[in-house]
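Input: a single structure, listed below in structure tokens.
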Amino acid sequence: THELKTPVAVAYSAADSMLRYYDQSDEARNRRFLGIIMQRLSHLSGMIENILSMSMERFRTMQLNIEPVALRPLVMDVSDMIKLRGGKPVALYVDIPEVLTVQADPLHLGNVLSNLLDNAVKYSGERVDIIVNADAVSLSVEDNGIGIAKNALPYIFDKFYRVPSGDRYEVGGYGLGLYYVRQIVGLHGWAIDVESKPDRGTKFTIRFNNNAERQDFACGG
């Protein structure tokens, strides 16, 4: 539901901005918002096709569409989407070489980034600072949010697990986002780890290993 709701929310926000503040003379702005709407609807269409061909229980046999992916444009695209629907000030700093590419499924890698960035925004205070770094070895997403307690860290990638955080349950969700992230990372033959301190923030690091055999976490929690 998270992956379906995100492009819908972005397209809705762009359409709402056009309706509320429509300026017939500002063609560039109108084209930009229409472009966002079309892009997100196209992404949503791809997600629906993907859902029709798989479920959370079918990761074992799922086939990724691996191709060279330019990492910086993908991160910038997801970042713009997250900032548009964040509902709070989001300062996002991206340190990724323009020429850096990674062998990956672009749809699923985009969803992984969307999950990580969206969580950084949701589990933060009135504003959030996010740093995204990447090189040929790894990609990291670091925030200054509320953090995760040490005793919860071993379970955050488990299916349906949600960190007990008092009223932070108000953000909603089903505890599937990070489970999905771990499955997709594993299917690429990569690894993911997390460092976090309460009230200090959280850092997720994806470690690339394109020569590794594909890992299978379909039956794991």
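Naming works like this for the structure tokens: A, B, ... for the chains as they're shown, residue 1 at the start of each chain, ligands 1 onward in shown order.
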(request) Show which residues sit within 7 Å of region 94-109 of chain A, as JSON, numbers by chain. Count only C-alpha atoms, and ignore same-chain residues fewer than 3 positions away. (result) {"A": [64, 65, 66, 67, 68, 69, 70, 71, 72, 112, 113, 131, 132, 133, 134, 135, 184, 188, 210]}
Selected residues, N, CA and C atoms, written as a short mmCIF file (atom, residue, chain, number, x, y, z; two decimals), in the first residue's frame, please.
data_model
loop_
_atom_site.label_atom_id
_atom_site.label_comp_id
_atom_site.auth_asym_id
_atom_site.auth_seq_id
_atom_site.Cartn_x
_atom_site.Cartn_y
_atom_site.Cartn_z
N LEU A 64 14.11 -10.01 -11.51
CA LEU A 64 14.43 -8.59 -11.60
C LEU A 64 14.83 -8.23 -13.03
N ASN A 65 14.53 -7.01 -13.41
CA ASN A 65 14.94 -6.50 -14.72
C ASN A 65 16.22 -5.67 -14.52
N ILE A 66 17.35 -6.36 -14.53
CA ILE A 66 18.63 -5.72 -14.22
C ILE A 66 19.15 -4.96 -15.44
N GLU A 67 19.56 -3.72 -15.20
CA GLU A 67 20.13 -2.89 -16.25
C GLU A 67 21.00 -1.82 -15.60
N PRO A 68 21.85 -1.15 -16.36
CA PRO A 68 22.64 -0.06 -15.77
C PRO A 68 21.72 1.09 -15.36
N VAL A 69 21.82 1.51 -14.12
CA VAL A 69 20.98 2.59 -13.60
C VAL A 69 21.88 3.74 -13.15
N ALA A 70 21.66 4.92 -13.70
CA ALA A 70 22.36 6.12 -13.25
C ALA A 70 21.81 6.50 -11.88
N LEU A 71 22.65 6.42 -10.87
CA LEU A 71 22.16 6.51 -9.50
C LEU A 71 21.72 7.92 -9.11
N ARG A 72 22.50 8.92 -9.46
CA ARG A 72 22.16 10.28 -9.03
C ARG A 72 20.80 10.75 -9.58
N VAL A 112 12.92 1.09 -3.11
CA VAL A 112 13.76 0.98 -1.92
C VAL A 112 14.14 2.37 -1.41
N LEU A 113 14.60 3.23 -2.32
CA LEU A 113 14.96 4.59 -1.94
C LEU A 113 13.75 5.35 -1.41
N ILE A 131 20.89 13.05 4.38
CA ILE A 131 22.10 13.00 3.56
C ILE A 131 22.12 11.67 2.81
N VAL A 132 22.24 11.75 1.49
CA VAL A 132 22.35 10.53 0.68
C VAL A 132 23.72 10.53 0.02
N ASN A 133 24.52 9.52 0.35
CA ASN A 133 25.87 9.36 -0.21
C ASN A 133 25.93 8.06 -0.99
N ALA A 134 26.73 8.05 -2.03
CA ALA A 134 26.93 6.79 -2.76
C ALA A 134 28.26 6.83 -3.50
N ASP A 135 28.86 5.63 -3.61
CA ASP A 135 30.02 5.43 -4.46
C ASP A 135 29.89 4.04 -5.08
N ILE A 184 14.37 -6.92 -1.54
CA ILE A 184 14.87 -6.42 -2.82
C ILE A 184 16.39 -6.29 -2.79
N HIS A 188 19.11 -8.55 -5.19
CA HIS A 188 20.16 -7.98 -6.01
C HIS A 188 21.54 -8.55 -5.68
N ASN A 210 27.71 -6.74 -6.94
CA ASN A 210 27.06 -7.23 -8.15
C ASN A 210 27.57 -8.58 -8.61
#
(message) I need the residues in region 7-147 of chain A that are strand (DSSP E or B) according to DSSP; give them as an MDAnalysis selection string.
(response) chainID A and resid 67:70 90:95 101:104 128:134 138:143
(request) Using only C-alpha atoms, determine which residues lie at most 9 Å from Ile156 (chain A), disregarding the query and same-chain residues fewer than 5 positions distant; provide the list as a VMD selection string. (result) chain A and resid 161 to 163 175 178 to 179
(request) Check the DSSP output for the backbone and give back, as a count of residues only, the residues of region 2-215 of chain A in alpha helix (DSSP H). (result) 89
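CA of Asp26 (chain A) lies 24.5 Å from CA of Pro7 (chain A).
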(message) Please compute the CA of Lys88 (chain A)-CA of Gln183 (chain A) distance, one decimal, in Å.
(response)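 Separation of CA of Lys88 (chain A) and CA of Gln183 (chain A): 29.6 Å.
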(request) Between CA of Asp80 (chain A) and CA of Asn30 (chain A), measure the distance and give it in Å to one decimal. (result) 16.6 Å
(request) Would you kindly return, as a list in words, each protein, DNA or RNA residue with an atom no farther than 10 Å from any atom of Lys83 (chain A), considering only C-alpha atoms and excluding same-chain residues fewer than 4 positions away? (result) Val10, Val78, Ser79, Gly87, Lys88, Pro89, Val90, Ala91, Leu92, Leu117, Asp118 and Val121 of chain A
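Between Leu153 (chain A) and the candidates A:Leu176, A:Val128, A:Val194, A:Leu116, the tightest atom-to-atom separation, counting only C-alpha atoms, involves A:Val194.
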(request) Would you mind telling me which residue in A:Leu187, A:Tyr180, A:Lys159, A:Ser196 lies nearest to Asn144 (chain A) when using only C-alpha atoms? (result)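 That would be A:Ser196, the residue with the smallest distance to Asn144 (chain A).
Distance check against Phe157 (chain A) using only C-alpha atoms: of A:Val185, A:Ala120, A:Ile82, A:Leu41, the minimum falls on A:Val185.
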(request) Would you please work out which residue, of A:Thr202, A:Asn119, A:Gln24, A:Asn111, is nearest to Ile148 (chain A) when using only C-alpha atoms? (result) A:Thr202
